[in-house]
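Visitor: Next up, upload_13.tsv (TSV, C-alpha atoms and all ligand atoms).
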```tsv
chain	number	residue	atom	x	y	z
A	1	MET	CA	48.36	11.01	-76.93
A	2	GLN	CA	45.65	13.04	-75.20
A	3	ARG	CA	45.02	16.57	-76.40
A	4	SER	CA	43.89	17.64	-72.92
A	5	CYS	CA	44.29	15.38	-69.91
A	6	PHE	CA	43.55	16.30	-66.32
A	7	THR	CA	44.86	14.05	-63.55
A	8	ILE	CA	43.44	14.55	-60.08
A	9	ASP	CA	45.47	13.16	-57.20
A	10	LEU	CA	42.98	12.18	-54.51
A	11	GLY	CA	45.85	11.33	-52.16
A	12	ALA	CA	46.95	14.98	-52.33
A	13	ILE	CA	43.41	16.14	-51.50
A	14	ARG	CA	43.24	13.73	-48.56
A	15	ARG	CA	46.61	14.95	-47.25
A	16	ASN	CA	45.58	18.59	-47.72
A	17	ALA	CA	42.46	17.87	-45.68
A	18	GLU	CA	44.65	16.36	-42.94
A	19	THR	CA	46.88	19.45	-43.02
A	20	LEU	CA	43.90	21.82	-42.79
A	21	LEU	CA	42.39	19.74	-40.00
A	22	ARG	CA	45.63	20.08	-38.03
A	23	ALA	CA	45.55	23.85	-38.63
A	24	ALA	CA	41.94	23.89	-37.42
A	25	ARG	CA	43.02	22.39	-34.06
A	26	SER	CA	39.88	21.54	-32.12
A	27	ALA	CA	37.48	22.81	-34.82
A	28	GLU	CA	35.86	20.51	-37.38
A	29	LEU	CA	36.93	20.69	-41.02
A	30	TRP	CA	34.12	21.18	-43.52
A	31	ALA	CA	35.13	20.67	-47.15
A	32	VAL	CA	33.91	23.25	-49.67
A	33	VAL	CA	33.29	21.38	-52.91
A	34	LYS	CA	31.13	23.89	-54.83
A	35	ALA	CA	31.72	24.42	-58.56
A	36	GLU	CA	32.59	20.74	-59.10
A	37	GLY	CA	35.17	20.85	-56.34
A	38	TYR	CA	36.82	23.93	-57.87
A	39	GLY	CA	37.08	22.00	-61.13
A	40	HIS	CA	38.57	18.89	-59.49
A	41	GLY	CA	35.33	16.83	-59.45
A	42	ALA	CA	32.87	17.20	-56.57
A	43	VAL	CA	32.17	13.56	-55.68
A	44	ASP	CA	35.80	12.38	-55.88
A	45	THR	CA	37.00	15.41	-53.95
A	46	SER	CA	34.32	14.91	-51.31
A	47	ARG	CA	35.30	11.29	-50.75
A	48	ALA	CA	38.97	12.22	-50.44
A	49	ALA	CA	38.23	15.10	-48.06
A	50	LEU	CA	36.01	12.90	-45.88
A	51	ALA	CA	38.80	10.28	-45.81
A	52	GLY	CA	41.14	13.07	-44.66
A	53	GLY	CA	38.91	13.92	-41.71
A	54	ALA	CA	36.35	16.40	-43.05
A	55	THR	CA	32.97	15.99	-41.36
A	56	ALA	CA	30.69	17.93	-43.73
A	57	LEU	CA	30.51	19.10	-47.34
A	58	CYS	CA	29.57	22.63	-48.41
A	59	VAL	CA	28.23	23.58	-51.84
A	60	ALA	CA	26.66	26.74	-53.26
A	61	THR	CA	23.47	25.45	-54.88
A	62	LEU	CA	20.75	22.86	-54.41
A	63	PRO	CA	21.53	20.97	-57.67
A	64	GLU	CA	25.14	20.61	-56.53
A	65	ALA	CA	23.95	19.18	-53.21
A	66	LEU	CA	21.51	16.74	-54.84
A	67	HIS	CA	24.29	15.56	-57.15
A	68	LEU	CA	26.47	14.80	-54.11
A	69	ARG	CA	23.60	13.18	-52.21
A	70	ALA	CA	23.13	10.63	-55.01
A	71	SER	CA	26.61	9.21	-54.35
A	72	LEU	CA	27.14	10.09	-50.69
A	73	ARG	CA	24.08	8.77	-48.84
A	74	ASP	CA	25.22	9.61	-45.33
A	75	ALA	CA	27.36	12.72	-45.68
A	76	ARG	CA	26.37	15.95	-44.01
A	77	ILE	CA	25.77	18.45	-46.85
A	78	ILE	CA	25.24	22.20	-46.47
A	79	VAL	CA	23.90	24.47	-49.23
A	80	MET	CA	25.44	27.90	-48.66
A	81	CYS	CA	23.50	30.14	-51.08
A	82	PRO	CA	19.80	30.97	-50.67
A	83	VAL	CA	17.37	28.55	-52.34
A	84	SER	CA	13.85	29.10	-53.64
A	85	GLU	CA	10.69	28.07	-51.72
A	86	ARG	CA	10.24	25.08	-54.02
A	87	GLU	CA	13.79	23.96	-53.35
A	88	VAL	CA	13.28	23.90	-49.56
A	89	GLY	CA	11.06	20.81	-49.94
A	90	GLU	CA	13.67	19.07	-52.08
A	91	ALA	CA	16.35	19.95	-49.54
A	92	ARG	CA	14.26	18.44	-46.74
A	93	ALA	CA	13.67	15.23	-48.69
A	94	ALA	CA	17.39	14.91	-49.41
A	95	ARG	CA	18.38	15.63	-45.78
A	96	LEU	CA	20.35	18.73	-46.71
A	97	GLU	CA	21.08	21.71	-44.47
A	98	LEU	CA	20.31	25.22	-45.67
A	99	VAL	CA	21.60	28.69	-44.92
A	100	ALA	CA	19.35	31.64	-44.09
A	101	ALA	CA	21.18	34.41	-45.84
A	102	ASP	CA	18.62	36.68	-47.50
A	103	GLY	CA	16.21	37.47	-44.67
A	104	ARG	CA	13.99	34.39	-45.07
A	105	VAL	CA	14.56	31.48	-42.68
A	106	PRO	CA	13.60	28.20	-44.38
A	107	GLU	CA	11.36	25.96	-42.27
A	108	GLY	CA	11.24	22.24	-41.65
A	109	VAL	CA	14.92	21.76	-42.42
A	110	LYS	CA	18.18	22.15	-40.52
A	111	VAL	CA	19.39	25.67	-40.98
A	112	HIS	CA	22.45	27.86	-40.46
A	113	LEU	CA	21.91	31.56	-39.82
A	114	LYS	CA	24.33	33.68	-41.80
A	115	LEU	CA	25.34	36.98	-40.29
A	116	ASP	CA	26.81	39.74	-42.43
A	117	THR	CA	29.89	40.91	-40.50
A	118	GLY	CA	31.38	42.92	-43.36
A	119	MET	CA	31.16	40.97	-46.60
A	120	GLY	CA	28.21	43.12	-47.58
A	121	ARG	CA	26.60	40.37	-49.62
A	122	TRP	CA	24.53	37.42	-48.35
A	123	GLY	CA	23.81	37.51	-44.66
A	124	LEU	CA	21.43	38.92	-42.07
A	125	SER	CA	22.37	42.22	-40.49
A	126	GLU	CA	21.22	40.91	-37.11
A	127	LEU	CA	20.76	37.41	-35.74
A	128	PRO	CA	17.15	36.47	-34.97
A	129	SER	CA	16.77	34.36	-31.84
A	130	PRO	CA	17.48	30.85	-33.11
A	131	SER	CA	14.59	28.42	-33.54
A	132	ARG	CA	14.88	24.69	-32.82
A	133	GLU	CA	15.93	24.00	-36.42
A	134	VAL	CA	18.99	26.23	-36.24
A	135	VAL	CA	22.12	24.07	-36.03
A	136	GLY	CA	24.70	26.65	-37.03
A	137	VAL	CA	25.58	30.32	-37.12
A	138	MET	CA	28.05	31.52	-39.69
A	139	SER	CA	29.59	34.49	-41.43
A	140	HIS	CA	32.05	34.94	-44.28
A	141	LEU	CA	35.30	36.91	-44.37
A	142	ALA	CA	35.83	39.46	-47.11
A	143	CYS	CA	39.64	39.69	-47.17
A	144	ALA	CA	41.28	37.12	-44.92
A	145	GLU	CA	44.13	36.81	-47.42
A	146	SER	CA	44.88	40.53	-47.58
A	147	ASP	CA	43.45	42.89	-44.93
A	148	GLU	CA	44.36	42.08	-41.36
A	149	PRO	CA	42.60	44.93	-39.47
A	150	PHE	CA	39.32	44.36	-41.35
A	151	THR	CA	39.55	40.59	-40.82
A	152	ARG	CA	40.15	41.05	-37.09
A	153	ALA	CA	37.14	43.39	-36.91
A	154	GLN	CA	34.95	40.78	-38.66
A	155	ILE	CA	36.15	38.05	-36.29
A	156	GLU	CA	35.39	40.24	-33.27
A	157	ARG	CA	31.95	41.17	-34.58
A	158	PHE	CA	31.15	37.49	-35.14
A	159	ALA	CA	32.46	36.47	-31.70
A	160	ALA	CA	30.38	39.16	-29.99
A	161	ALA	CA	27.19	38.44	-31.92
A	162	THR	CA	27.37	34.67	-31.38
A	163	ALA	CA	28.58	34.45	-27.78
A	164	GLY	CA	26.48	32.23	-25.53
A	165	LEU	CA	24.67	30.28	-28.25
A	166	GLY	CA	25.14	26.95	-26.51
A	167	LYS	CA	25.29	23.91	-28.75
A	168	ILE	CA	24.90	25.79	-32.04
A	169	THR	CA	27.96	25.35	-34.27
A	170	ARG	CA	29.74	28.62	-35.02
A	171	HIS	CA	31.71	28.74	-38.27
A	172	LEU	CA	33.51	31.61	-39.95
A	173	ALA	CA	36.93	30.71	-41.39
A	174	ASN	CA	37.77	29.97	-45.02
A	175	THR	CA	41.18	28.50	-45.96
A	176	ALA	CA	43.11	31.75	-45.53
A	177	ALA	CA	41.66	32.40	-42.08
A	178	THR	CA	42.16	28.78	-41.01
A	179	LEU	CA	45.85	29.16	-41.83
A	180	ARG	CA	46.39	32.70	-40.49
A	181	TYR	CA	43.88	33.53	-37.75
A	182	PRO	CA	43.65	31.01	-34.89
A	183	GLU	CA	40.85	33.03	-33.29
A	184	ALA	CA	38.70	32.61	-36.43
A	185	ARG	CA	38.41	28.84	-36.09
A	186	PHE	CA	35.42	28.65	-33.69
A	187	ASP	CA	33.68	25.23	-33.95
A	188	ALA	CA	34.19	24.46	-37.65
A	189	VAL	CA	36.20	25.85	-40.58
A	190	ARG	CA	35.00	25.85	-44.19
A	191	CYS	CA	37.95	25.17	-46.48
A	192	GLY	CA	37.87	25.09	-50.26
A	193	ILE	CA	40.93	26.33	-52.12
A	194	GLY	CA	43.47	24.79	-49.72
A	195	LEU	CA	41.97	21.31	-50.17
A	196	TYR	CA	43.00	21.47	-53.79
A	197	GLY	CA	46.52	22.55	-52.89
A	198	ILE	CA	46.10	26.05	-54.28
A	199	SER	CA	47.28	28.94	-52.13
A	200	PRO	CA	44.65	31.49	-51.09
A	201	PHE	CA	47.55	33.95	-50.82
A	202	GLY	CA	48.67	33.51	-54.44
A	203	GLY	CA	52.09	32.21	-53.39
A	204	ASP	CA	53.55	28.73	-53.03
A	205	PRO	CA	51.07	26.30	-51.42
A	206	ALA	CA	54.04	24.39	-49.97
A	207	ASP	CA	54.56	27.34	-47.59
A	208	ASN	CA	51.43	26.07	-45.83
A	209	GLY	CA	52.18	22.37	-46.31
A	210	LEU	CA	49.66	22.01	-49.15
A	211	GLU	CA	50.21	20.05	-52.40
A	212	PRO	CA	48.57	20.81	-55.75
A	213	ALA	CA	46.14	18.03	-56.64
A	214	LEU	CA	45.70	18.71	-60.35
A	215	ARG	CA	47.93	18.09	-63.36
A	216	TRP	CA	47.05	19.24	-66.86
A	217	GLU	CA	48.89	17.78	-69.80
A	218	SER	CA	48.91	17.99	-73.55
A	219	TYR	CA	51.53	17.69	-76.29
A	220	LEU	CA	53.06	19.44	-79.26
A	221	ALA	CA	50.68	18.74	-82.13
A	222	LEU	CA	52.70	20.76	-84.65
A	223	VAL	CA	56.19	22.27	-84.72
A	224	LYS	CA	57.16	24.96	-87.20
A	225	ARG	CA	59.81	27.53	-87.88
A	226	LEU	CA	58.70	31.13	-88.29
A	227	GLU	CA	60.92	33.29	-90.46
A	228	PRO	CA	61.48	36.93	-89.44
A	229	GLY	CA	58.28	38.86	-90.03
A	230	GLN	CA	56.04	35.79	-89.89
A	231	SER	CA	53.45	35.58	-87.12
A	232	THR	CA	51.40	33.01	-85.23
A	233	GLY	CA	47.76	33.22	-84.25
A	234	TYR	CA	44.93	35.71	-84.41
A	235	CYS	CA	45.72	39.39	-84.92
A	236	ARG	CA	49.43	38.68	-85.40
A	237	ARG	CA	50.11	39.38	-81.76
A	238	PHE	CA	53.43	37.51	-81.98
A	239	VAL	CA	55.68	38.35	-84.92
A	240	ALA	CA	59.06	36.60	-85.14
A	241	ALA	CA	62.00	39.01	-85.07
A	242	GLU	CA	64.39	36.21	-85.99
A	243	PRO	CA	64.00	32.58	-87.08
A	244	THR	CA	61.87	31.09	-84.26
A	245	TRP	CA	60.72	27.54	-83.53
A	246	ILE	CA	57.21	27.43	-82.19
A	247	GLY	CA	55.04	24.54	-81.06
A	248	ILE	CA	51.28	24.38	-81.35
A	249	VAL	CA	49.51	22.82	-78.36
A	250	PRO	CA	45.93	21.68	-79.12
A	251	VAL	CA	44.42	23.34	-76.03
A	252	GLY	CA	42.77	26.75	-75.92
A	253	TYR	CA	40.38	28.95	-74.02
A	254	ALA	CA	37.49	26.51	-74.53
A	255	ASP	CA	39.53	24.13	-72.38
A	256	GLY	CA	40.12	26.75	-69.71
A	257	PHE	CA	43.47	28.06	-70.92
A	258	ARG	CA	42.39	31.67	-70.89
A	259	ARG	CA	43.18	34.25	-73.54
A	260	ASP	CA	44.75	36.50	-70.96
A	261	MET	CA	47.29	33.80	-70.05
A	262	THR	CA	49.55	34.74	-72.98
A	263	GLY	CA	53.06	35.16	-71.57
A	264	THR	CA	52.68	32.50	-68.89
A	265	GLU	CA	55.05	29.52	-68.89
A	266	VAL	CA	54.40	25.81	-69.45
A	267	LEU	CA	56.76	22.85	-69.49
A	268	VAL	CA	57.78	21.44	-72.86
A	269	ALA	CA	59.84	18.26	-72.49
A	270	GLY	CA	60.40	19.35	-68.88
A	271	GLU	CA	61.70	22.85	-69.72
A	272	ARG	CA	59.87	26.12	-69.05
A	273	ARG	CA	58.66	27.77	-72.27
A	274	ARG	CA	56.63	30.90	-72.84
A	275	VAL	CA	53.15	30.97	-74.37
A	276	VAL	CA	53.19	33.50	-77.23
A	277	GLY	CA	50.60	35.11	-79.48
A	278	THR	CA	46.86	35.05	-78.98
A	279	VAL	CA	45.46	31.93	-77.27
A	280	SER	CA	42.68	30.68	-79.54
A	281	MET	CA	39.67	28.53	-78.73
A	282	ASP	CA	41.38	25.22	-79.49
A	283	ALA	CA	45.09	25.98	-79.67
A	284	LEU	CA	47.95	27.94	-78.23
A	285	ALA	CA	51.53	28.56	-79.36
A	286	VAL	CA	54.73	28.11	-77.36
A	287	GLU	CA	58.17	29.48	-78.20
A	288	LEU	CA	60.45	26.43	-78.24
A	289	GLY	CA	64.00	27.74	-78.53
A	290	ARG	CA	64.90	24.79	-80.75
A	291	GLU	CA	63.30	22.20	-82.96
A	292	LEU	CA	61.47	19.50	-81.00
A	293	PRO	CA	59.55	16.45	-82.25
A	294	VAL	CA	55.79	16.46	-82.68
A	295	GLY	CA	54.32	14.53	-79.75
A	296	THR	CA	56.64	16.09	-77.17
A	297	PRO	CA	54.76	16.23	-73.82
A	298	VAL	CA	53.56	19.61	-72.57
A	299	THR	CA	52.62	20.22	-68.93
A	300	LEU	CA	50.21	23.13	-68.54
A	301	VAL	CA	49.79	22.64	-64.77
A	302	GLY	CA	52.02	20.39	-62.65
A	303	ASP	CA	55.72	19.72	-61.92
A	304	GLY	CA	56.17	23.22	-60.54
A	305	ILE	CA	53.93	24.99	-63.06
A	306	ARG	CA	51.27	26.31	-60.73
A	307	ILE	CA	47.77	27.66	-61.17
A	308	GLU	CA	48.80	30.64	-58.99
A	309	GLU	CA	51.40	31.67	-61.63
A	310	HIS	CA	48.85	31.51	-64.46
A	311	ALA	CA	46.47	33.56	-62.30
A	312	ARG	CA	49.09	36.25	-61.78
A	313	VAL	CA	49.66	36.53	-65.54
A	314	ALA	CA	45.90	36.74	-66.13
A	315	ASP	CA	45.54	39.29	-63.33
A	316	THR	CA	43.09	37.09	-61.45
A	317	ILE	CA	43.07	34.52	-58.63
A	318	GLY	CA	43.72	30.79	-58.63
A	319	TYR	CA	40.04	30.18	-57.83
A	320	GLU	CA	38.97	31.58	-61.18
A	321	ILE	CA	41.57	29.62	-63.15
A	322	ALA	CA	40.68	26.35	-61.39
A	323	THR	CA	36.90	26.68	-61.70
A	324	GLY	CA	37.32	27.69	-65.36
A	325	LEU	CA	39.15	24.49	-66.32
A	326	ASN	CA	36.99	22.49	-68.67
A	327	THR	CA	37.45	19.14	-66.98
A	328	ARG	CA	33.99	17.74	-67.58
A	329	SER	CA	32.55	18.46	-71.00
A	330	GLY	CA	34.07	15.56	-72.89
A	331	ARG	CA	36.71	17.76	-74.51
A	332	ALA	CA	39.22	16.45	-72.02
A	333	ARG	CA	40.19	13.17	-70.47
A	334	ARG	CA	39.94	13.18	-66.70
A	335	VAL	CA	41.80	10.62	-64.63
A	336	THR	CA	41.93	10.17	-60.89
A	337	VAL	CA	44.88	8.60	-59.10
A	338	ASP	CA	45.61	8.04	-55.44
A	339	GLY	CA	49.23	9.06	-55.15
A	401	LIG	C1	33.60	29.35	-51.16
A	401	LIG	C2	33.36	29.58	-49.72
A	401	LIG	C3	34.28	29.13	-48.75
A	401	LIG	C4	35.62	28.51	-49.09
A	401	LIG	O1	36.61	29.51	-49.25
A	401	LIG	P1	38.13	29.13	-49.62
A	401	LIG	O2	38.80	30.45	-49.69
A	401	LIG	O3	38.08	28.44	-50.94
A	401	LIG	O4	38.64	28.26	-48.54
A	401	LIG	C5	33.92	29.27	-47.41
A	401	LIG	N1	32.74	29.84	-47.07
A	401	LIG	C6	31.86	30.31	-47.97
A	401	LIG	C7	30.60	30.93	-47.52
A	401	LIG	C8	32.14	30.20	-49.32
A	401	LIG	O5	31.27	30.67	-50.23
```
As C-alpha cells, what does this structure read like?
Ligand SMILES: *Cc1c(COP(=O)(O)O)cnc(C)c1O

Guide:
Amino acid sequence: MQRSCFTIDLGAIRRNAETLLRAARSAELWAVVKAEGYGHGAVDTSRAALAGGATALCVATLPEALHLRASLRDARIIVMCPVSEREVGEARAARLELVAADGRVPEGVKVHLKLDTGMGRWGLSELPSPSREVVGVMSHLACAESDEPFTRAQIERFAAATAGLGKITRHLANTAATLRYPEARFDAVRCGIGLYGISPFGGDPADNGLEPALRWESYLALVKRLEPGQSTGYCRRFVAAEPTWIGIVPVGYADGFRRDMTGTEVLVAGERRRVVGTVSMDALAVELGRELPVGTPVTLVGDGIRIEEHARVADTIGYEIATGLNTRSGRARRVTVDG
C-alpha cells in the first residue's frame, strides 16, 4: 500500500498532443514542459509529446533545459525566460534557443524576439530589426481563457507587428488560444496545460477532447468514529454534530494536497467523499458515511475526480494545483504507464 502514488499515463499525453496538433491545423505544436512538465515529469512528458507530433520543447529556465538536453540529444529546446550573461554560453554549448524578453538580445545563439502585446511582463515594446540569429518572434496572451476582446486585440497587434518577416517562425498561442482562436495559431503554438489533459478554462477537459494524464492515489490509514462534540485535526475546524465515521488519509499539504482544499471531494472505495477539517502536513480527514476497513483505496485525482475541481475549491487554477504536486521528492511513488 503506497501512502502517495502518482501514475502518469504517457499514452494520454501523446493523444493530447495529437489532439492539440489537430487543433493547430497547419501550425507546429511546441510542448511546454516547464516546472517538471507541470508536475508530470519533464523528460517523460517530452518524449510522449514528441511521439504525439510536437516538434519543439519549451521550458522557463536554463537548468530545466539542460536537464532535458541530457536525455534528449536531438530535440529542439527553447528557454522562454531571460537568462544571465553567463548562461548564454551554456545555452550555446547545449544547442538551446533563447528568448530576448528583457531588452537584451543574446548573441551567438538562436533567439526568439518576444514582443509585449499586452501581457505587461516579459517582452520588448517594439521589435528590433531581426539579426541573422533570430529564428522566431513571439508574444504571450494575458487572458485567452477569459477575455475575448482583449485577446483579439493582442492577436491583431502581433499580426501587424510581425507581418512580412519571411522565414521567421511566428508563435503566440497557448492551449486556450489554440483551442479557441484559429487566427492565433500563426506558425507554431505553445501548449502546456492541455498536454496534461487539464482544461485551461477550468471545466471538463473532455469538452476539448483532452484526457487527464495523472492519477493520485492513497488509502485509508486509520478509520475512527467521532462522537458528537469530538473534532478532527488542527484548530478543531471540523466538530462532529452526530456520531461520524472519518478516515485518515496519510497525504497532506507537503504532498501537494493544499490546506485550502478542505471541502473538496475524493473517491473512497469508488464513492465521492468530502475532505473535512484542516488538511495537515502529512494527513487529511475524509467523512466516510459508514465504517470502512483500513486499507480502503482513496483516489485524490482520477476516475472523474479532477484537478480543476480541487482548484475551484482552493480558489485557484489547475496549473497551480498540478505544479504544486510533490511528485519528485521521494515522499511519493511515481509510476509511468502507457495506457
Ligand atoms: C507557460 C507558457 C505557455 C503554455 O501555456 P498553457 O496555458 O499551459 O498552454 C505558453 N507560452 C509561454 C510564454 C508560457 O510561459

Visitor: Using Å and a single decimal, report how far atom CA of A:Ile248 sits from atom CA of A:Val223.

Guide: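 These two atoms are separated by 6.3 Å.
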
Visitor: Using all atoms listed in the file, determine which residues lie at most 8 Å from stretch 108-122 of chain A, disregarding the query and same-chain residues fewer than 4 positions distant; provide the list as a CSV table (one decimal) with C-alpha atoms, keeping the file's coordinate frame.

Guide:
```csv
chain,number,residue,atom,x,y,z
A,81,CYS,CA,23.5,30.1,-51.1
A,88,VAL,CA,13.3,23.9,-49.6
A,91,ALA,CA,16.4,20.0,-49.5
A,92,ARG,CA,14.3,18.4,-46.7
A,95,ARG,CA,18.4,15.6,-45.8
A,96,LEU,CA,20.4,18.7,-46.7
A,97,GLU,CA,21.1,21.7,-44.5
A,98,LEU,CA,20.3,25.2,-45.7
A,99,VAL,CA,21.6,28.7,-44.9
A,100,ALA,CA,19.4,31.6,-44.1
A,101,ALA,CA,21.2,34.4,-45.8
A,102,ASP,CA,18.6,36.7,-47.5
A,126,GLU,CA,21.2,40.9,-37.1
A,127,LEU,CA,20.8,37.4,-35.7
A,133,GLU,CA,15.9,24.0,-36.4
A,134,VAL,CA,19.0,26.2,-36.2
A,135,VAL,CA,22.1,24.1,-36.0
A,136,GLY,CA,24.7,26.6,-37.0
A,137,VAL,CA,25.6,30.3,-37.1
A,138,MET,CA,28.0,31.5,-39.7
A,139,SER,CA,29.6,34.5,-41.4
A,140,HIS,CA,32.0,34.9,-44.3
A,141,LEU,CA,35.3,36.9,-44.4
A,142,ALA,CA,35.8,39.5,-47.1
A,154,GLN,CA,35.0,40.8,-38.7
A,157,ARG,CA,32.0,41.2,-34.6
A,158,PHE,CA,31.2,37.5,-35.1
```

Visitor: Excluding same-chain residues fewer than 3 positions from A:Leu210, what lies within 7 Å of it counting all atoms listed in the file, as a list of chain:residue names?

Guide: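 Listed by chain and then number, they are A:Asn16, A:Gly194, A:Gly197, A:Pro205, A:Ala206.
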
Visitor: Per residue of chain A within 6 Å of ligand LIG 401 (chain A), which atom pair is closest and at what distance in Å (one decimal), using all atoms listed in the file, listed by chain and increasing number, as JSON lines?

Guide:
```
{"residue": "A:Val32", "atom": "CA", "partner": "A:LIG401", "partner_atom": "C4", "distance": 5.6}
{"residue": "A:His140", "atom": "CA", "partner": "A:LIG401", "partner_atom": "C7", "distance": 5.4}
{"residue": "A:Asn174", "atom": "CA", "partner": "A:LIG401", "partner_atom": "O4", "distance": 4.0}
{"residue": "A:Thr175", "atom": "CA", "partner": "A:LIG401", "partner_atom": "O4", "distance": 3.6}
{"residue": "A:Arg190", "atom": "CA", "partner": "A:LIG401", "partner_atom": "C5", "distance": 4.8}
{"residue": "A:Cys191", "atom": "CA", "partner": "A:LIG401", "partner_atom": "O4", "distance": 3.8}
{"residue": "A:Gly192", "atom": "CA", "partner": "A:LIG401", "partner_atom": "O3", "distance": 3.4}
{"residue": "A:Ile193", "atom": "CA", "partner": "A:LIG401", "partner_atom": "O3", "distance": 3.7}
```

Visitor: I'd like the neighbourhood of stretch 299-313 of chain A as a PyMOL selection string, where a residue qualifies if any of its atoms comes within 10 Å (using only C-alpha atoms), though same-chain residues fewer than 5 positions away should be ignored.

Guide: chain A and resi 4-7+197-205+212-219+249+251+257-258+260-272+318-322

Visitor: Between A:Leu226, A:Val298, A:Val43, A:Cys235, which is the closest to A:Pro250 once you count all atoms listed in the file?

Guide: A:Val298

Visitor: Report, in Å with one decimal, the straight-line distance from atom CA of A:Leu195 to atom CA of A:Ala17.

Guide: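 That distance, rounded to one decimal, is 5.7 Å.
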
Visitor: Could you tell me how far atom CA of A:Ser26 sits from atom CA of A:Lys167, in Å to one decimal place?

Guide: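 Atom-to-atom, atom CA of A:Lys167 and atom CA of A:Ser26 are spaced 15.2 Å apart.
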
Visitor: Could all heavy atoms be built for stretch 89-95 of chain A and written out as a PDB file, in the frame of the given file?

Guide:
```
ATOM      1  N   GLY A  89      11.638  22.153 -50.054  1.00  0.00           N
ATOM      2  CA  GLY A  89      11.060  20.810 -49.940  1.00  0.00           C
ATOM      3  C   GLY A  89      12.030  19.738 -50.438  1.00  0.00           C
ATOM      4  O   GLY A  89      12.179  18.681 -49.816  1.00  0.00           O
ATOM      5  N   GLU A  90      12.685  20.033 -51.544  1.00  0.00           N
ATOM      6  CA  GLU A  90      13.670  19.070 -52.080  1.00  0.00           C
ATOM      7  C   GLU A  90      14.832  18.894 -51.119  1.00  0.00           C
ATOM      8  O   GLU A  90      15.363  17.800 -50.946  1.00  0.00           O
ATOM      9  CB  GLU A  90      14.210  19.566 -53.433  1.00  0.00           C
ATOM     10  CG  GLU A  90      13.193  19.542 -54.556  1.00  0.00           C
ATOM     11  CD  GLU A  90      13.833  19.993 -55.866  1.00  0.00           C
ATOM     12  OE1 GLU A  90      14.709  19.258 -56.378  1.00  0.00           O
ATOM     13  OE2 GLU A  90      13.486  21.083 -56.347  1.00  0.00           O
ATOM     14  N   ALA A  91      15.239  20.003 -50.497  1.00  0.00           N
ATOM     15  CA  ALA A  91      16.350  19.950 -49.540  1.00  0.00           C
ATOM     16  C   ALA A  91      15.976  19.073 -48.352  1.00  0.00           C
ATOM     17  O   ALA A  91      16.767  18.259 -47.880  1.00  0.00           O
ATOM     18  CB  ALA A  91      16.697  21.360 -49.069  1.00  0.00           C
ATOM     19  N   ARG A  92      14.731  19.225 -47.885  1.00  0.00           N
ATOM     20  CA  ARG A  92      14.260  18.440 -46.740  1.00  0.00           C
ATOM     21  C   ARG A  92      14.283  16.956 -47.098  1.00  0.00           C
ATOM     22  O   ARG A  92      14.821  16.134 -46.363  1.00  0.00           O
ATOM     23  CB  ARG A  92      12.843  18.886 -46.380  1.00  0.00           C
ATOM     24  CG  ARG A  92      12.318  18.355 -45.073  1.00  0.00           C
ATOM     25  CD  ARG A  92      10.894  18.850 -44.832  1.00  0.00           C
ATOM     26  NE  ARG A  92      10.771  20.297 -44.857  1.00  0.00           N
ATOM     27  CZ  ARG A  92       9.959  20.992 -45.665  1.00  0.00           C
ATOM     28  NH1 ARG A  92       9.165  20.368 -46.523  1.00  0.00           N
ATOM     29  NH2 ARG A  92       9.916  22.306 -45.612  1.00  0.00           N
ATOM     30  N   ALA A  93      13.738  16.636 -48.270  1.00  0.00           N
ATOM     31  CA  ALA A  93      13.670  15.230 -48.690  1.00  0.00           C
ATOM     32  C   ALA A  93      15.064  14.621 -48.833  1.00  0.00           C
ATOM     33  O   ALA A  93      15.247  13.429 -48.588  1.00  0.00           O
ATOM     34  CB  ALA A  93      12.905  15.133 -50.014  1.00  0.00           C
ATOM     35  N   ALA A  94      16.027  15.427 -49.208  1.00  0.00           N
ATOM     36  CA  ALA A  94      17.390  14.910 -49.410  1.00  0.00           C
ATOM     37  C   ALA A  94      18.268  15.055 -48.175  1.00  0.00           C
ATOM     38  O   ALA A  94      19.467  14.807 -48.236  1.00  0.00           O
ATOM     39  CB  ALA A  94      18.038  15.613 -50.605  1.00  0.00           C
ATOM     40  N   ARG A  95      17.655  15.456 -47.053  1.00  0.00           N
ATOM     41  CA  ARG A  95      18.380  15.630 -45.780  1.00  0.00           C
ATOM     42  C   ARG A  95      19.559  16.589 -45.912  1.00  0.00           C
ATOM     43  O   ARG A  95      20.662  16.338 -45.436  1.00  0.00           O
ATOM     44  CB  ARG A  95      18.860  14.263 -45.242  1.00  0.00           C
ATOM     45  CG  ARG A  95      17.725  13.326 -44.857  1.00  0.00           C
ATOM     46  CD  ARG A  95      18.220  11.922 -44.570  1.00  0.00           C
ATOM     47  NE  ARG A  95      18.619  11.237 -45.796  1.00  0.00           N
ATOM     48  CZ  ARG A  95      19.850  10.851 -46.081  1.00  0.00           C
ATOM     49  NH1 ARG A  95      20.818  11.038 -45.222  1.00  0.00           N
ATOM     50  NH2 ARG A  95      20.115  10.248 -47.216  1.00  0.00           N
TER      51      ARG A  95
END
```
